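Heads up, coords25.csv below (CSV, C-alpha atoms):
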chain,number,residue,atom,x,y,z
A,45,MET,CA,161.0,-163.6,-316.0
A,46,TYR,CA,158.0,-162.2,-317.3
A,47,ARG,CA,157.2,-158.7,-316.2
A,48,LEU,CA,154.1,-158.6,-314.3
A,49,ARG,CA,151.6,-156.6,-316.1
A,50,ARG,CA,150.2,-153.9,-314.1
A,51,GLY,CA,146.7,-154.6,-313.1
A,52,VAL,CA,147.0,-158.5,-312.9
A,53,SER,CA,146.2,-159.8,-309.6
A,54,PRO,CA,149.0,-161.7,-307.8
A,55,PHE,CA,146.5,-164.4,-307.1
A,56,VAL,CA,146.5,-165.4,-310.8
A,57,PHE,CA,150.2,-165.8,-310.9
A,58,LEU,CA,150.1,-168.1,-307.8
A,59,LEU,CA,147.5,-170.2,-309.5
A,60,ILE,CA,149.5,-170.6,-312.7
A,61,GLY,CA,152.6,-171.6,-310.7
A,62,ALA,CA,150.8,-174.3,-308.8
A,63,LEU,CA,149.5,-175.8,-312.1
A,64,PHE,CA,153.0,-175.7,-313.5
A,65,LEU,CA,154.5,-177.7,-310.7
A,66,GLY,CA,151.8,-180.2,-310.6
A,67,GLY,CA,152.2,-180.8,-314.4
A,68,CYS,CA,155.9,-181.5,-314.2
A,69,SER,CA,155.4,-184.7,-312.3
A,70,LEU,CA,153.4,-186.1,-315.2
A,71,LEU,CA,155.9,-185.6,-317.9
A,72,PRO,CA,157.0,-188.7,-319.9
A,73,GLY,CA,159.9,-190.7,-318.4
A,74,ALA,CA,159.3,-189.5,-315.0
A,75,ASP,CA,159.0,-191.9,-312.2
A,76,PRO,CA,155.8,-191.4,-310.6
A,77,THR,CA,156.9,-193.1,-307.5
A,78,ALA,CA,160.1,-191.1,-307.2
A,79,THR,CA,160.5,-189.2,-304.1
A,80,PRO,CA,161.1,-185.5,-304.7
A,81,THR,CA,164.5,-184.3,-303.7
A,82,SER,CA,163.2,-181.3,-302.2
A,83,GLU,CA,160.2,-180.5,-300.2
A,84,PRO,CA,157.3,-179.0,-302.2
A,85,ARG,CA,157.0,-175.3,-301.9
A,86,ALA,CA,154.4,-174.2,-299.5
A,87,LEU,CA,151.4,-172.7,-301.1
A,88,ILE,CA,151.0,-169.0,-300.5
A,89,PRO,CA,147.7,-168.5,-298.7
A,90,THR,CA,145.0,-166.9,-300.6
A,91,TRP,CA,143.3,-163.7,-299.4
A,92,THR,CA,139.6,-163.7,-299.1
A,93,PRO,CA,138.2,-160.2,-298.6
A,94,THR,CA,135.9,-160.0,-295.7
A,95,PRO,CA,132.6,-158.4,-296.7
A,96,VAL,CA,132.0,-155.2,-294.8
A,97,PRO,CA,128.4,-154.8,-293.8
A,98,LEU,CA,126.7,-151.9,-295.3
A,99,VAL,CA,126.2,-149.3,-292.8
A,100,THR,CA,122.8,-147.8,-292.9
A,101,ASP,CA,121.3,-144.8,-291.0
A,102,THR,CA,119.4,-146.3,-288.1
A,103,PRO,CA,116.8,-143.8,-286.9
A,104,VAL,CA,117.5,-142.7,-283.4
A,105,PRO,CA,114.3,-143.0,-281.3
A,106,PRO,CA,113.2,-139.7,-279.9
A,107,PRO,CA,114.0,-139.1,-276.3
A,108,THR,CA,111.4,-140.2,-273.9
A,109,PRO,CA,109.7,-137.1,-272.6
A,110,VAL,CA,110.3,-136.5,-268.9
A,111,PRO,CA,107.1,-135.4,-267.2
A,112,PRO,CA,107.6,-132.0,-265.5
A,113,THR,CA,108.0,-132.2,-261.9
A,114,ALA,CA,105.0,-130.8,-260.2
A,115,VAL,CA,105.8,-127.7,-258.1
A,116,PRO,CA,103.7,-127.5,-255.0
A,117,ALA,CA,101.6,-124.3,-255.0
A,118,THR,CA,102.6,-121.8,-252.4
A,119,PRO,CA,99.7,-121.6,-249.9
A,120,VAL,CA,98.1,-118.2,-249.8
A,121,PRO,CA,97.6,-117.1,-246.2
A,122,ALA,CA,94.0,-116.7,-245.3
A,123,GLU,CA,92.9,-113.2,-244.3
A,124,PRO,CA,92.3,-112.9,-240.6
A,125,THR,CA,88.7,-113.0,-239.5
A,126,PRO,CA,87.8,-109.5,-238.2
A,127,ILE,CA,86.9,-109.4,-234.6
A,128,PRO,CA,83.3,-108.2,-234.2
A,129,THR,CA,83.0,-105.0,-232.3
A,130,ASP,CA,80.0,-104.0,-230.2
A,131,THR,CA,78.0,-101.2,-231.7
A,132,PRO,CA,77.2,-98.7,-228.9
A,133,ALA,CA,73.6,-98.6,-228.0
A,134,PRO,CA,71.9,-95.2,-228.8
A,135,VAL,CA,71.2,-93.0,-225.8
A,136,ALA,CA,68.9,-90.0,-225.3
A,137,ARG,CA,70.9,-86.8,-225.3
A,138,MET,CA,69.6,-83.4,-224.5
A,139,THR,CA,71.0,-80.1,-225.8
A,140,ILE,CA,70.0,-76.8,-224.3
A,141,THR,CA,68.6,-74.4,-226.9
A,142,ASN,CA,67.6,-71.5,-224.7
A,143,GLN,CA,70.2,-68.9,-223.8
A,144,THR,CA,69.7,-69.7,-220.1
A,145,ALA,CA,67.2,-72.0,-218.5
A,146,ASN,CA,66.3,-72.9,-214.9
A,147,VAL,CA,66.8,-76.5,-213.7
A,148,ARG,CA,64.1,-77.7,-211.2
A,149,SER,CA,63.9,-80.5,-208.8
A,150,GLY,CA,60.8,-81.9,-210.4
A,151,PRO,CA,58.6,-81.7,-213.6
A,152,GLY,CA,56.9,-78.4,-213.0
A,153,THR,CA,57.3,-74.7,-212.2
A,154,ASN,CA,56.0,-75.4,-208.7
A,155,TYR,CA,59.3,-77.3,-207.9
A,156,PRO,CA,62.2,-75.3,-206.5
A,157,VAL,CA,65.0,-74.1,-208.8
A,158,ILE,CA,68.2,-76.0,-208.1
A,159,GLY,CA,70.5,-74.4,-210.7
A,160,SER,CA,70.7,-73.1,-214.3
A,161,VAL,CA,72.2,-74.1,-217.6
A,162,ASN,CA,73.3,-72.3,-220.7
A,163,GLN,CA,72.7,-72.7,-224.4
A,164,GLY,CA,74.7,-75.5,-226.1
A,165,MET,CA,75.2,-77.6,-222.9
A,166,GLN,CA,74.4,-81.3,-223.3
A,167,PHE,CA,73.2,-83.9,-220.8
A,168,ASP,CA,72.1,-87.6,-220.7
A,169,VAL,CA,68.4,-87.9,-220.3
A,170,THR,CA,67.3,-90.5,-217.8
A,171,GLY,CA,63.5,-90.1,-217.7
A,172,LYS,CA,60.4,-88.0,-218.4
A,173,ASN,CA,57.1,-87.2,-216.8
A,174,ALA,CA,53.8,-88.9,-218.0
A,175,ALA,CA,52.9,-85.9,-220.1
A,176,GLY,CA,56.3,-85.9,-221.9
A,177,ASP,CA,56.9,-82.2,-221.5
A,178,TRP,CA,59.6,-82.4,-218.8
A,179,PHE,CA,62.8,-84.4,-219.0
A,180,ARG,CA,65.0,-85.7,-216.2
A,181,PHE,CA,68.7,-85.5,-216.7
A,182,CYS,CA,72.0,-85.7,-214.9
A,183,CYS,CA,73.5,-83.6,-213.4
A,184,VAL,CA,73.5,-80.0,-212.2
A,185,ASN,CA,75.5,-79.1,-209.1
A,186,GLY,CA,75.7,-82.8,-208.4
A,187,GLU,CA,71.9,-83.2,-208.5
A,188,VAL,CA,69.4,-84.8,-210.9
A,189,GLY,CA,67.4,-82.0,-212.5
A,190,TRP,CA,64.3,-81.5,-214.7
A,191,MET,CA,64.1,-79.4,-217.8
A,192,PHE,CA,61.0,-78.1,-219.7
A,193,ASN,CA,61.0,-79.6,-223.2
A,194,GLN,CA,60.6,-76.3,-225.0
A,195,LEU,CA,64.0,-75.1,-223.8
A,196,ALA,CA,66.0,-78.0,-225.3
A,197,THR,CA,66.1,-80.6,-228.0
A,198,VAL,CA,66.3,-84.3,-227.2
A,199,GLU,CA,68.0,-86.8,-229.5
A,200,ASN,CA,66.5,-90.3,-229.4
A,201,ALA,CA,63.6,-89.1,-227.3
A,202,GLN,CA,61.6,-92.2,-228.1
A,203,LEU,CA,64.0,-94.2,-225.9
A,204,VAL,CA,63.1,-92.2,-222.8
A,205,ALA,CA,60.8,-94.0,-220.4
A,206,VAL,CA,58.5,-92.4,-217.9
A,207,ALA,CA,60.3,-92.0,-214.6
A,208,SER,CA,59.0,-94.1,-211.7
A,209,ASP,CA,60.5,-92.0,-208.9
A,210,ILE,CA,59.1,-88.6,-209.7
A,211,PRO,CA,59.3,-86.5,-206.5
A,212,ALA,CA,56.1,-85.3,-205.0
A,213,PRO,CA,55.4,-81.6,-205.6
A,214,PRO,CA,56.2,-79.3,-202.6
A,215,PRO,CA,53.1,-78.6,-200.5
A,216,ALA,CA,51.4,-75.3,-200.8
A,217,ALA,CA,52.2,-72.8,-198.0
A,218,VAL,CA,49.6,-73.0,-195.3
A,219,PRO,CA,49.1,-69.9,-193.1
A,220,ALA,CA,49.9,-70.5,-189.4
A,221,PRO,CA,46.8,-71.0,-187.3
A,222,VAL,CA,45.9,-68.1,-184.9
A,223,ALA,CA,45.8,-69.1,-181.3
A,224,PRO,CA,42.4,-68.4,-179.8
A,225,THR,CA,42.3,-65.8,-177.1
A,226,ASN,CA,39.6,-64.6,-174.7
A,227,THR,CA,40.2,-61.0,-175.7
A,228,PRO,CA,37.6,-59.4,-177.8
A,229,ALA,CA,38.0,-59.7,-181.6
A,230,PRO,CA,39.7,-56.7,-183.2
A,231,PRO,CA,37.7,-54.6,-185.6
A,232,ALA,CA,37.6,-55.9,-189.1
A,233,ALA,CA,40.7,-55.0,-191.0
A,234,PRO,CA,40.4,-53.3,-194.4
A,235,PRO,CA,40.6,-55.6,-197.4
A,236,PRO,CA,44.2,-56.5,-198.2
A,237,ALA,CA,45.9,-54.8,-201.1
A,238,THR,CA,46.3,-56.7,-204.2
A,239,ALA,CA,49.0,-59.3,-203.7
A,240,ASP,CA,52.3,-58.7,-205.5
A,241,PRO,CA,52.4,-61.3,-208.2
A,242,CYS,CA,56.2,-61.4,-208.0
A,243,ALA,CA,56.4,-62.0,-204.3
A,244,SER,CA,56.3,-65.8,-204.5
A,245,ILE,CA,58.5,-66.2,-207.6
A,246,GLY,CA,61.8,-67.9,-206.9
A,247,GLY,CA,65.1,-67.5,-208.6
A,248,ASP,CA,65.7,-63.9,-210.0
A,249,GLY,CA,62.0,-62.9,-209.5
A,250,CYS,CA,60.4,-60.3,-211.8
A,251,LYS,CA,63.5,-58.7,-213.2
A,252,PHE,CA,62.0,-56.9,-216.3
A,253,LYS,CA,60.7,-53.3,-215.9
A,254,VAL,CA,59.2,-51.0,-218.5
A,255,THR,CA,61.8,-48.4,-219.5
A,256,GLY,CA,60.3,-47.2,-222.8
A,257,GLY,CA,56.7,-46.8,-224.2
A,258,PRO,CA,54.2,-47.9,-224.8
A,259,THR,CA,54.1,-45.9,-228.0
A,260,PHE,CA,51.8,-46.4,-231.0
A,261,THR,CA,52.0,-46.2,-234.7
A,262,GLY,CA,49.3,-46.7,-237.3
A,263,ASN,CA,49.5,-49.7,-239.5
A,264,GLY,CA,46.1,-49.7,-241.3
A,265,GLY,CA,44.2,-51.2,-238.4
A,266,GLY,CA,44.1,-54.6,-239.9
A,267,GLU,CA,46.1,-56.3,-237.1
A,268,LEU,CA,47.7,-55.8,-233.7
A,269,ARG,CA,51.5,-55.8,-234.0
A,270,LEU,CA,53.7,-55.9,-230.9
A,271,THR,CA,57.3,-54.7,-231.5
A,272,LEU,CA,58.9,-55.3,-228.1
A,273,PHE,CA,62.5,-54.9,-227.0
A,274,PHE,CA,63.8,-57.1,-224.2
A,275,MET,CA,67.2,-55.8,-223.1
A,276,HIS,CA,69.8,-55.6,-220.4
A,277,SER,CA,71.2,-52.1,-220.2
A,278,GLY,CA,74.1,-53.2,-218.1
A,279,ILE,CA,75.7,-55.2,-220.9
A,280,ASP,CA,77.2,-53.4,-223.9
A,281,GLY,CA,74.9,-50.5,-223.5
A,282,GLY,CA,71.7,-52.5,-224.0
A,283,GLN,CA,72.2,-56.2,-225.1
A,284,ALA,CA,69.2,-57.9,-226.6
A,285,GLN,CA,67.9,-60.8,-224.4
A,286,GLY,CA,66.4,-63.9,-225.7
A,287,SER,CA,63.5,-66.3,-225.2
A,288,TYR,CA,60.9,-63.9,-223.7
A,289,ARG,CA,57.3,-63.3,-224.6
A,290,LEU,CA,54.3,-61.2,-223.5
A,291,ILE,CA,51.2,-62.7,-222.0
A,292,LEU,CA,48.5,-60.4,-223.2
A,293,PHE,CA,44.8,-59.9,-222.3
A,294,LYS,CA,42.0,-57.8,-223.8
A,295,ASN,CA,38.7,-57.4,-222.0
A,296,GLY,CA,39.8,-60.2,-219.6
A,297,VAL,CA,40.4,-62.7,-222.5
A,298,GLU,CA,43.9,-64.1,-223.0
A,299,LEU,CA,45.2,-63.6,-226.5
A,300,PRO,CA,47.3,-66.1,-228.4
A,301,SER,CA,50.5,-64.0,-228.0
A,302,LYS,CA,52.2,-67.0,-226.2
A,303,ALA,CA,52.3,-68.7,-229.6
A,304,CYS,CA,54.5,-66.0,-231.2
A,305,ALA,CA,58.2,-66.7,-231.6
A,306,ALA,CA,60.2,-65.7,-228.5
A,307,SER,CA,62.6,-62.8,-228.5
A,308,LEU,CA,66.0,-63.3,-230.1
A,309,VAL,CA,69.5,-62.8,-228.7
A,310,GLY,CA,71.9,-60.4,-230.5
A,311,THR,CA,71.4,-57.5,-232.8
A,312,PRO,CA,67.8,-56.2,-232.7
A,313,ASN,CA,65.8,-54.8,-235.6
A,314,THR,CA,64.8,-51.2,-235.9
A,315,GLY,CA,61.2,-50.2,-236.2
A,316,PRO,CA,59.3,-46.9,-236.5
A,317,ASN,CA,59.2,-46.5,-232.7
A,318,GLY,CA,62.7,-48.0,-231.8
A,319,ARG,CA,64.7,-51.2,-231.5
A,320,PHE,CA,62.9,-54.5,-231.1
A,321,ASN,CA,63.8,-58.2,-230.9
A,322,HIS,CA,60.3,-59.6,-230.5
A,323,ASP,CA,57.7,-59.2,-233.3
A,324,CYS,CA,54.2,-60.6,-232.6
A,325,LYS,CA,51.3,-60.1,-235.0
A,326,LEU,CA,47.6,-60.9,-234.1
A,327,SER,CA,44.9,-60.7,-236.7
A,328,LEU,CA,41.4,-59.2,-236.0
A,329,SER,CA,40.0,-62.7,-235.9
A,330,GLN,CA,42.2,-63.4,-232.9
A,331,LEU,CA,40.9,-60.4,-230.9
A,332,PRO,CA,37.7,-60.9,-228.8
A,333,ASP,CA,35.9,-57.9,-230.4
A,334,GLY,CA,37.5,-57.9,-233.8
A,335,ASN,CA,39.0,-54.5,-233.2
A,336,VAL,CA,42.6,-53.4,-232.5
A,337,ALA,CA,41.6,-50.4,-230.4
A,338,GLY,CA,40.9,-51.0,-226.8
A,339,ASN,CA,42.3,-51.8,-223.3
A,340,TYR,CA,45.0,-54.4,-222.8
A,341,SER,CA,47.0,-55.8,-219.9
A,342,GLY,CA,49.8,-58.4,-219.6
A,343,TYR,CA,53.1,-59.4,-218.2
A,344,VAL,CA,56.4,-60.9,-219.4
A,345,ILE,CA,57.3,-64.6,-219.2
A,346,ASP,CA,60.6,-66.3,-219.7
A,347,GLY,CA,61.6,-69.4,-221.5
A,348,ASN,CA,60.3,-71.6,-218.6
A,349,HIS,CA,56.9,-69.9,-219.1
A,350,GLU,CA,57.3,-68.2,-215.7
A,351,ARG,CA,56.3,-64.7,-214.9
A,352,ASP,CA,59.2,-62.2,-215.2
A,353,SER,CA,57.5,-58.8,-214.8
A,354,ARG,CA,54.7,-57.2,-212.9
A,355,ASP,CA,51.4,-56.4,-214.7
A,356,LEU,CA,51.3,-53.6,-217.2
A,357,SER,CA,48.3,-52.0,-218.8
A,358,PHE,CA,47.9,-49.8,-221.9
A,359,SER,CA,45.2,-48.6,-224.3
A,360,VAL,CA,45.6,-48.7,-228.1
A,361,PRO,CA,44.0,-45.6,-229.8
A,362,ASP,CA,41.8,-46.0,-232.9
A,363,GLY,CA,43.9,-46.5,-236.0
A,364,GLN,CA,47.1,-47.2,-234.1
A,365,GLY,CA,47.7,-50.9,-234.6
A,366,GLU,CA,51.5,-51.1,-233.9
A,367,VAL,CA,52.6,-51.1,-230.2
A,368,TRP,CA,56.2,-50.6,-229.0
A,369,ILE,CA,57.4,-51.3,-225.5
A,370,GLN,CA,61.0,-51.5,-224.1
A,371,PHE,CA,61.7,-53.9,-221.1
A,372,ASP,CA,65.0,-53.7,-219.2
A,373,GLN,CA,66.0,-56.4,-216.8
A,374,ARG,CA,68.7,-54.3,-215.0

Show me the file's structure as structure tokens.
Amino acid sequence: MYRLRRGVSPFVFLLIGALFLGGCSLLPGADPTATPTSEPRALIPTWTPTPVPLVTDTPVPPPTPVPPTAVPATPVPAEPTPIPTDTPAPVARMTITNQTANVRSGPGTNYPVIGSVNQGMQFDVTGKNAAGDWFRFCCVNGEVGWMFNQLATVENAQLVAVASDIPAPPPAAVPAPVAPTNTPAPPAAPPPATADPCASIGGDGCKFKVTGGPTFTGNGGGELRLTLFFMHSGIDGGQAQGSYRLILFKNGVELPSKACAASLVGTPNTGPNGRFNHDCKLSLSQLPDGNVAGNYSGYVIDGNHERDSRDLSFSVPDGQGEVWIQFDQR
């Protein structure tokens, strides 16, 4: 047999064999009707390659975006509404500024003293008099009292109304009537001596007495200067006492010494004639005759403008305009 050449397809050889067998039946002398003695060889099936589809890159569709899941917002708790508070209504409040001050049962020095208060004490004010110079407050020794306005300061004084139940002032003392008799009238009595001005004063009465002076020093004669020392010799060897003044007269005319600042508590000043804690200066225009020299009289008053000494008199020599007097309440 022929050696198959490498590279020839087997299919070619099968085709040639088929043609060869078919041709043999047509050779001369052959009986076309003769029946072959052997069955024809079955044909070898041919191989038809199945075409392989070309694989192409099919674009992958992008993934469908998934919408983000909405996260519910965390509720912010509301701030609590503040509970309104009531603002306290302002009240009238009194603070005592005098070292000591008398408390009276009514708005005036003609009312009896019911107690005393000290500097710095505070009270609620409940009323005032029509003039507005006395305030009613609570309480002293369990009683409602009255205080002169120059001895204290009052906060929110505009809120104080005039009191509607101001007590009536006490009646003036009336001398007892003399029973008539059938006896002859006695001879006329001599005129009574001058009444003691301190006899009718309540409380501690006229406690100041002159224990030094009057002494005088020249100051040029251009003014009257009072350097007075109000003291208590039983305290620390002579403690200066506060809130006192001198009511002064010249030729029967009251001078404006009441307008001078009251005496001060504590360490006194030292002047040419001695210690003093009250300094009052009056110009020549404030003197009735325009002259410092002359005769004077007067008495001490306390912070309530009440008399606190008996009358005293002195004469200022010519050219001696500075007057020094020491008062002691022991």

Original post:
Which polymer residues have any atom within 10 Å of an atom of Met138 in chain A, counting only C-alpha atoms, with same-chain residues fewer than 3 positions away left out, as an MDAnalysis selection string?
Top reply: chainID A and resid 135 141 164:169 179:181 191 193 196:201

Using all atoms of range 142-158 of chain A that appear in the file, construct an axis-aligned enclosing box with 3 Å of padding on every side and provide its centre coordinates and edge lengths in Å, rounded to one decimal, as AutoDock Vina command-line options.
--center_x 63.1 --center_y -75.4 --center_z -215.6 --size_x 20.2 --size_y 19.0 --size_z 24.2

Original post:
Skipping near chain neighbours, those fewer than 5 positions away, what residues fall within 10 Å of Asn295 in chain A using all atoms listed in the file, listed as number ranges by chain?
Top reply: A: 331-333, 338-341

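Between CA of Thr255 in chain A and CA of Gly281 in chain A the interatomic distance comes to 13.9 Å.
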
**OP:** Excluding range 263-276 of chain A and any residue of its chain fewer than 4 positions from it, enumerate the residues within 6 Å of it, using only C-alpha atoms, and give them as a PyMOL selection string.
**Re:** chain A and resi 282-285+320-328+336+363+365-374

**OP:** For His349 in chain A, please output as a PyMOL selection string all residues within 10 Å (counting all atoms listed in the file; exclusion window: fewer than 4 positions along the same chain).
**Re:** chain A and resi 153+192+194-195+287-289+291+302+344-345

Take the residues just selected and output them with C-alpha atoms as a compact mmCIF listing (two decimals), in the coordinates of the input.
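Written file, selection16.txt:
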# COMPACT_ATOMS: atom_id res chain seq x y z
CA THR A 153 57.30 -74.70 -212.20
CA PHE A 192 61.00 -78.10 -219.70
CA GLN A 194 60.60 -76.30 -225.00
CA LEU A 195 64.00 -75.10 -223.80
CA SER A 287 63.50 -66.30 -225.20
CA TYR A 288 60.90 -63.90 -223.70
CA ARG A 289 57.30 -63.30 -224.60
CA ILE A 291 51.20 -62.70 -222.00
CA LYS A 302 52.20 -67.00 -226.20
CA VAL A 344 56.40 -60.90 -219.40
CA ILE A 345 57.30 -64.60 -219.20

**OP:** Just give me the residues with any atom within 6 Å of (62.0, -57.5, -215.6), file coordinates, counting only C-alpha atoms, written as a VMD selection string.
**Re:** chain A and resid 250 to 253 352 to 353 373

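CA of Val206 in chain A is positioned 19.5 Å from CA of Asn154 in chain A.
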
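Distance check against Ser357 in chain A using all atoms listed in the file: of A:Pro134, A:Lys294, A:Ala303, A:Thr311, the minimum falls on A:Lys294.
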
Original post:
Which residue out of A:Gly152, A:Gly159, A:Pro132, A:Gly286 has the minimum interatomic distance to Lys172 in chain A when all atoms listed in the file are used?
Top reply: A:Gly152

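The residue that comes closest to Ala205 in chain A, out of A:Ala136, A:Tyr155, A:Val184, A:Asp355 and on the basis of only C-alpha atoms, is A:Ala136.
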
**OP:** Find the distance between CA of Asn313 in chain A and CA of Arg354 in chain A and write it in Å to one decimal.
**Re:** 25.4 Å

Subject >> Test item: residues at most 6 Å from Gln364 in chain A, only C-alpha atoms, excluding those fewer than 3 positions along its chain, as a PyMOL selection string >> reply: chain A and resi 260-262+361

Original post:
Given the choices A:Pro213, A:Thr131, A:Glu350, A:Thr139, which gets closest to Cys242 in chain A if the distance is worked out from only C-alpha atoms?
Top reply: A:Glu350
